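Pasting protein_28.tsv here (TSV, C-alpha atoms):
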chain	number	residue	atom	x	y	z
T	29	LEU	CA	11.94	-3.96	-7.57
T	30	GLU	CA	12.53	-5.10	-11.15
T	31	GLU	CA	12.53	-8.74	-10.02
T	32	TYR	CA	9.31	-8.11	-8.05
T	33	CYS	CA	7.72	-6.64	-11.21
T	34	ARG	CA	8.77	-9.65	-13.31
T	35	LYS	CA	7.30	-12.02	-10.75
T	36	LEU	CA	4.12	-9.92	-10.55
T	37	VAL	CA	3.51	-10.48	-14.28
T	38	VAL	CA	3.50	-14.22	-13.66
T	39	TRP	CA	1.45	-13.88	-10.49
T	40	LEU	CA	-1.08	-11.29	-11.79
T	41	PRO	CA	-3.95	-13.82	-12.03
T	42	SER	CA	-3.24	-14.89	-8.43
T	43	TYR	CA	-2.99	-11.25	-7.42
T	44	VAL	CA	-6.44	-10.54	-8.86
T	45	ALA	CA	-7.80	-13.57	-6.97
T	46	TRP	CA	-6.11	-12.37	-3.74
T	47	ASN	CA	-7.81	-9.00	-4.10
T	48	ARG	CA	-11.21	-10.72	-4.06
T	49	ARG	CA	-10.51	-12.87	-0.98
T	50	PRO	CA	-12.46	-12.10	2.22
T	51	GLU	CA	-9.30	-11.08	4.12
T	52	LYS	CA	-8.36	-8.49	1.52
T	53	LEU	CA	-11.95	-7.24	1.13
T	54	LYS	CA	-12.13	-6.77	4.90
T	55	MET	CA	-8.80	-4.91	4.93
T	56	ARG	CA	-9.95	-2.61	2.13
T	57	ALA	CA	-13.28	-1.93	3.88
T	58	TRP	CA	-11.42	-1.19	7.14
T	59	MET	CA	-9.20	1.33	5.34
T	60	GLY	CA	-12.21	2.99	3.68
T	61	SER	CA	-14.05	3.16	6.98
T	62	TYR	CA	-11.01	4.64	8.73
T	63	LEU	CA	-10.59	7.34	6.09
T	64	ALA	CA	-14.33	8.13	6.20
T	65	ARG	CA	-14.06	8.73	9.97
T	66	HIS	CA	-10.76	10.59	10.01
T	67	SER	CA	-10.48	12.57	6.81
T	68	ARG	CA	-12.56	14.78	4.65
T	69	GLU	CA	-14.17	13.63	1.41
T	70	GLY	CA	-11.88	14.43	-1.46
T	71	SER	CA	-8.72	13.86	0.55
T	72	ARG	CA	-5.65	13.37	-1.59
T	73	VAL	CA	-4.61	9.73	-1.23
T	74	LEU	CA	-1.53	8.13	-2.78
T	75	VAL	CA	-1.75	4.36	-3.18
T	76	ILE	CA	1.69	2.78	-3.59
T	77	GLY	CA	2.24	-0.62	-5.20
T	78	ASP	CA	-1.45	-1.34	-5.76
T	79	GLY	CA	-0.76	-3.79	-8.58
T	80	ALA	CA	-4.07	-4.38	-10.34
T	81	GLY	CA	-5.57	-1.18	-8.84
T	82	PHE	CA	-8.38	-2.52	-6.66
T	83	ASP	CA	-7.47	-0.46	-3.58
T	84	SER	CA	-7.17	2.71	-5.67
T	85	LEU	CA	-10.52	2.05	-7.33
T	86	TYR	CA	-12.22	1.47	-3.98
T	87	LEU	CA	-10.85	4.71	-2.50
T	88	ALA	CA	-11.88	6.67	-5.60
T	89	GLN	CA	-15.38	5.21	-5.25
T	90	CYS	CA	-15.34	6.45	-1.64
T	91	GLY	CA	-14.88	10.01	-2.94
T	92	HIS	CA	-11.15	10.53	-2.50
T	93	GLU	CA	-8.78	12.08	-5.02
T	94	VAL	CA	-6.59	9.04	-5.67
T	95	THR	CA	-3.14	8.75	-7.22
T	96	TYR	CA	-2.08	5.21	-8.17
T	97	PHE	CA	1.67	4.52	-8.32
T	98	GLU	CA	2.98	1.23	-9.62
T	99	LEU	CA	6.07	0.00	-11.49
T	100	SER	CA	4.84	-3.16	-13.22
T	101	GLU	CA	3.74	-2.39	-16.78
T	102	SER	CA	1.34	-5.35	-16.83
T	103	ALA	CA	-0.28	-4.25	-13.58
T	104	ILE	CA	-0.53	-0.64	-14.82
T	105	ALA	CA	-2.23	-1.75	-18.04
T	106	PHE	CA	-4.71	-3.86	-16.05
T	107	ALA	CA	-5.38	-1.00	-13.60
T	108	ARG	CA	-5.96	1.51	-16.41
T	109	ARG	CA	-8.59	-0.83	-17.91
T	110	LEU	CA	-10.15	-1.32	-14.47
T	111	PHE	CA	-10.41	2.43	-13.83
T	112	ALA	CA	-11.81	3.12	-17.32
T	113	THR	CA	-14.36	0.29	-17.12
T	114	SER	CA	-15.48	1.52	-13.71
T	115	ASN	CA	-15.74	5.15	-14.89
T	116	GLN	CA	-13.54	6.29	-12.02
T	117	THR	CA	-10.94	9.03	-12.20
T	118	VAL	CA	-7.66	7.81	-10.76
T	119	ASN	CA	-4.42	9.62	-11.50
T	120	VAL	CA	-1.91	7.01	-12.73
T	121	VAL	CA	1.74	7.79	-12.02
T	122	THR	CA	4.58	5.58	-13.24
T	123	ASP	CA	7.55	7.80	-12.36
T	124	ALA	CA	8.20	8.75	-8.73
T	125	SER	CA	9.61	12.11	-9.82
T	126	ASP	CA	6.02	13.07	-10.76
T	127	LEU	CA	4.97	12.79	-7.09
T	128	LYS	CA	5.25	16.05	-5.15
T	129	PRO	CA	6.65	15.90	-1.60
T	130	GLY	CA	4.24	16.84	1.17
T	131	SER	CA	1.20	16.84	-1.09
T	132	PHE	CA	-0.90	13.92	0.18
T	133	ASP	CA	-3.31	13.63	3.11
T	134	ALA	CA	-2.78	9.86	3.20
T	135	VAL	CA	-0.43	7.29	1.70
T	136	ALA	CA	-1.70	3.71	1.52
T	137	CYS	CA	0.94	1.00	1.21
T	138	LEU	CA	-0.68	-2.42	1.53
T	139	ASP	CA	1.32	-5.61	1.13
T	140	VAL	CA	4.36	-3.88	-0.41
T	141	LEU	CA	7.09	-3.47	2.24
T	142	GLU	CA	7.72	-7.20	2.57
T	143	HIS	CA	8.83	-7.17	-1.11
T	144	VAL	CA	11.29	-4.25	-1.13
T	145	PRO	CA	14.99	-4.68	-0.42
T	146	ASP	CA	15.24	-1.74	2.02
T	147	PRO	CA	11.95	-1.17	3.92
T	148	PRO	CA	13.25	1.72	6.12
T	149	ASP	CA	14.41	3.64	3.04
T	150	PHE	CA	11.08	2.96	1.31
T	151	VAL	CA	9.11	4.16	4.37
T	152	GLU	CA	11.23	7.33	4.39
T	153	GLN	CA	10.36	7.96	0.72
T	154	MET	CA	6.64	7.37	1.33
T	155	THR	CA	6.62	9.60	4.41
T	156	GLY	CA	8.09	12.36	2.27
T	157	TYR	CA	4.89	12.45	0.20
T	158	LEU	CA	2.74	13.11	3.27
T	159	ARG	CA	1.78	16.57	4.48
T	160	PRO	CA	2.41	17.20	8.22
T	161	GLY	CA	-0.35	15.39	10.12
T	162	GLY	CA	-0.95	13.09	7.13
T	163	ARG	CA	-1.63	9.40	7.64
T	164	PHE	CA	0.49	6.47	6.48
T	165	ILE	CA	-1.73	3.40	6.16
T	166	VAL	CA	0.41	0.31	5.96
T	167	HIS	CA	0.01	-3.45	5.99
T	168	ALA	CA	3.17	-5.53	5.73
T	169	PRO	CA	3.08	-9.25	6.55
T	170	PHE	CA	6.86	-9.53	6.96
T	171	PHE	CA	6.37	-12.81	8.82
T	172	PHE	CA	4.58	-14.46	5.88
T	173	VAL	CA	7.50	-16.09	4.07
T	174	THR	CA	6.52	-19.35	2.39
T	175	ARG	CA	7.09	-21.09	-0.93
T	176	HIS	CA	3.64	-19.77	-1.92
T	177	CYS	CA	4.89	-16.17	-1.50
T	178	PRO	CA	8.12	-16.14	-3.53
T	179	THR	CA	8.31	-12.32	-3.65
T	180	HIS	CA	8.33	-11.87	0.16
T	181	LEU	CA	11.92	-11.28	1.24
T	182	LYS	CA	13.13	-13.44	4.11
T	183	ALA	CA	15.63	-10.74	5.11
T	184	ASN	CA	12.68	-8.45	5.93
T	185	ARG	CA	11.32	-10.71	8.68
T	186	LYS	CA	13.31	-8.68	11.19
T	187	TYR	CA	10.85	-5.79	10.74
T	188	SER	CA	7.81	-7.80	11.76
T	189	GLY	CA	6.11	-5.93	14.61
T	190	ASP	CA	9.01	-3.46	14.95
T	191	LEU	CA	7.56	0.06	14.90
T	192	ARG	CA	10.63	1.69	16.44
T	193	ARG	CA	13.13	0.83	13.71
T	194	LEU	CA	10.81	1.07	10.73
T	195	TYR	CA	8.43	3.98	11.38
T	196	SER	CA	9.55	6.09	14.36
T	197	PRO	CA	12.77	7.35	12.70
T	198	GLN	CA	10.60	8.86	9.96
T	199	GLY	CA	8.55	10.90	12.44
T	200	LEU	CA	5.59	8.53	12.31
T	201	ARG	CA	3.56	7.59	15.38
T	202	MET	CA	0.91	4.89	15.47
T	203	VAL	CA	-2.64	6.17	15.90
T	204	GLU	CA	-4.74	3.12	15.03
T	205	GLY	CA	-4.61	-0.47	13.81
T	206	ARG	CA	-3.86	-3.97	14.96
T	207	PHE	CA	-0.85	-6.16	14.34
T	208	PHE	CA	-2.46	-8.73	12.10
T	209	TRP	CA	-4.71	-8.15	9.10
T	210	ASP	CA	-5.97	-4.63	9.81
T	211	PRO	CA	-3.52	-2.05	8.48
T	212	LEU	CA	-1.60	0.17	10.86
T	213	VAL	CA	-2.26	3.90	10.67
T	214	LEU	CA	0.66	6.14	11.50
T	215	GLU	CA	0.56	9.91	11.65
T	216	LYS	CA	3.36	12.11	10.33
T	217	THR	CA	4.25	14.39	13.19
T	218	PRO	CA	4.61	18.08	12.27

Final structure tokens representation of the file:
Amino acid sequence: LEEYCRKLVVWLPSYVAWNRRPEKLKMRAWMGSYLARHSREGSRVLVIGDGAGFDSLYLAQCGHEVTYFELSESAIAFARRLFATSNQTVNVVTDASDLKPGSFDAVACLDVLEHVPDPPDFVEQMTGYLRPGGRFIVHAPFFFVTRHCPTHLKANRKYSGDLRRLYSPQGLRMVEGRFFWDPLVLEKTP
């Protein structure tokens, strides 16, 4: 993850641009719409690896109690300014030990898993933060390995479209989503 964070500093301007692209705006709107239909206002939502903080900001604007967790210091600094400028309350966490197991109604993890060295272990950690019946909202373009995406790990391609190895062992079952740009929604079974 340290290498990912170093690369994110260089790519932060591109990351901000990506977050304004129609595909990403549509994905964010889909996630907000899903949570509006399937959760109560004020749900506790953990957003993992949100970089510049746009997903966290959007969910806070939708009325959720949002916790933003990121490792990159540059991204955290940008996100703090974004939240302050927008007058939105978002809890910023920079140490995973500050996250309480079983305390979130939803965990959003968009465009993160393709960067981590051990996606199954990471999914297990994220699932641990969900309460029973909580929703894991994930988007992971494992297949998207190009020279334009230097932080996507080629070794992770094997997880593309594989729900059984990546999510089922963690007690997650798919409840909504499509296998392209809409995130998948998986429920933590009690």

Within 12 Å of Ser61 in chain T, counting all atoms listed in the file, which residues qualify if same-chain residues fewer than 5 places away don't, as a PyMOL selection string? chain T and resi 54-56+66-69+86-87+90+210-211

Spatial neighbours of Phe106 in chain T, max dist 9 Å, only C-alpha atoms, sep filter under 6 positions, as an mmCIF file with C-alpha atoms, in the coordinates of the input:
data_model
loop_
_atom_site.group_PDB
_atom_site.id
_atom_site.type_symbol
_atom_site.label_atom_id
_atom_site.label_comp_id
_atom_site.auth_asym_id
_atom_site.auth_seq_id
_atom_site.Cartn_x
_atom_site.Cartn_y
_atom_site.Cartn_z
ATOM 1 C CA GLY T 79 -0.760 -3.790 -8.580
ATOM 2 C CA ALA T 80 -4.070 -4.380 -10.340
ATOM 3 C CA GLY T 81 -5.570 -1.180 -8.840
#

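Here CA of Val135 in chain T and CA of Thr113 in chain T stand 24.4 Å from one another.
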
Quick one: distance from CA of Asp133 in chain T to CA of Pro148 in chain T in Å, one decimal?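 For CA of Asp133 in chain T relative to CA of Pro148 in chain T, the distance reads 20.6 Å.
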
T:Asp139, T:Glu215, T:Glu152, T:Glu204 ranked by distance to Ile76 in chain T, top pick (using all atoms listed in the file):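 Ranking T:Asp139, T:Glu215, T:Glu152, T:Glu204 by distance to Ile76 in chain T, first place goes to T:Asp139.
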
From CA of Pro197 in chain T to CA of Asp146 in chain T the spacing works out at 14.2 Å

Measuring atom to atom with all atoms listed in the file, identify which of T:Pro50, T:Ser125, T:Leu63, T:Asp78 is nearest to Val213 in chain T. T:Leu63

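Of the listed residues T:Val73, T:Asp149, T:Ala134, T:Ser196, the one whose atoms come nearest to Gly91 in chain T is T:Val73, with distances taken using all atoms listed in the file.
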
From the list T:Met202, T:Ala124, T:Ile165, T:Leu138, which residue is nearest Gln153 in chain T when using only C-alpha atoms? T:Ala124

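Contact shell of Val75 in chain T at 8 Å (only C-alpha atoms; same-chain neighbours under 4 positions omitted): Asp83, Ser84, Val94, Thr95, Tyr96, Phe97, Val135, Ala136 and Cys137 of chain T.
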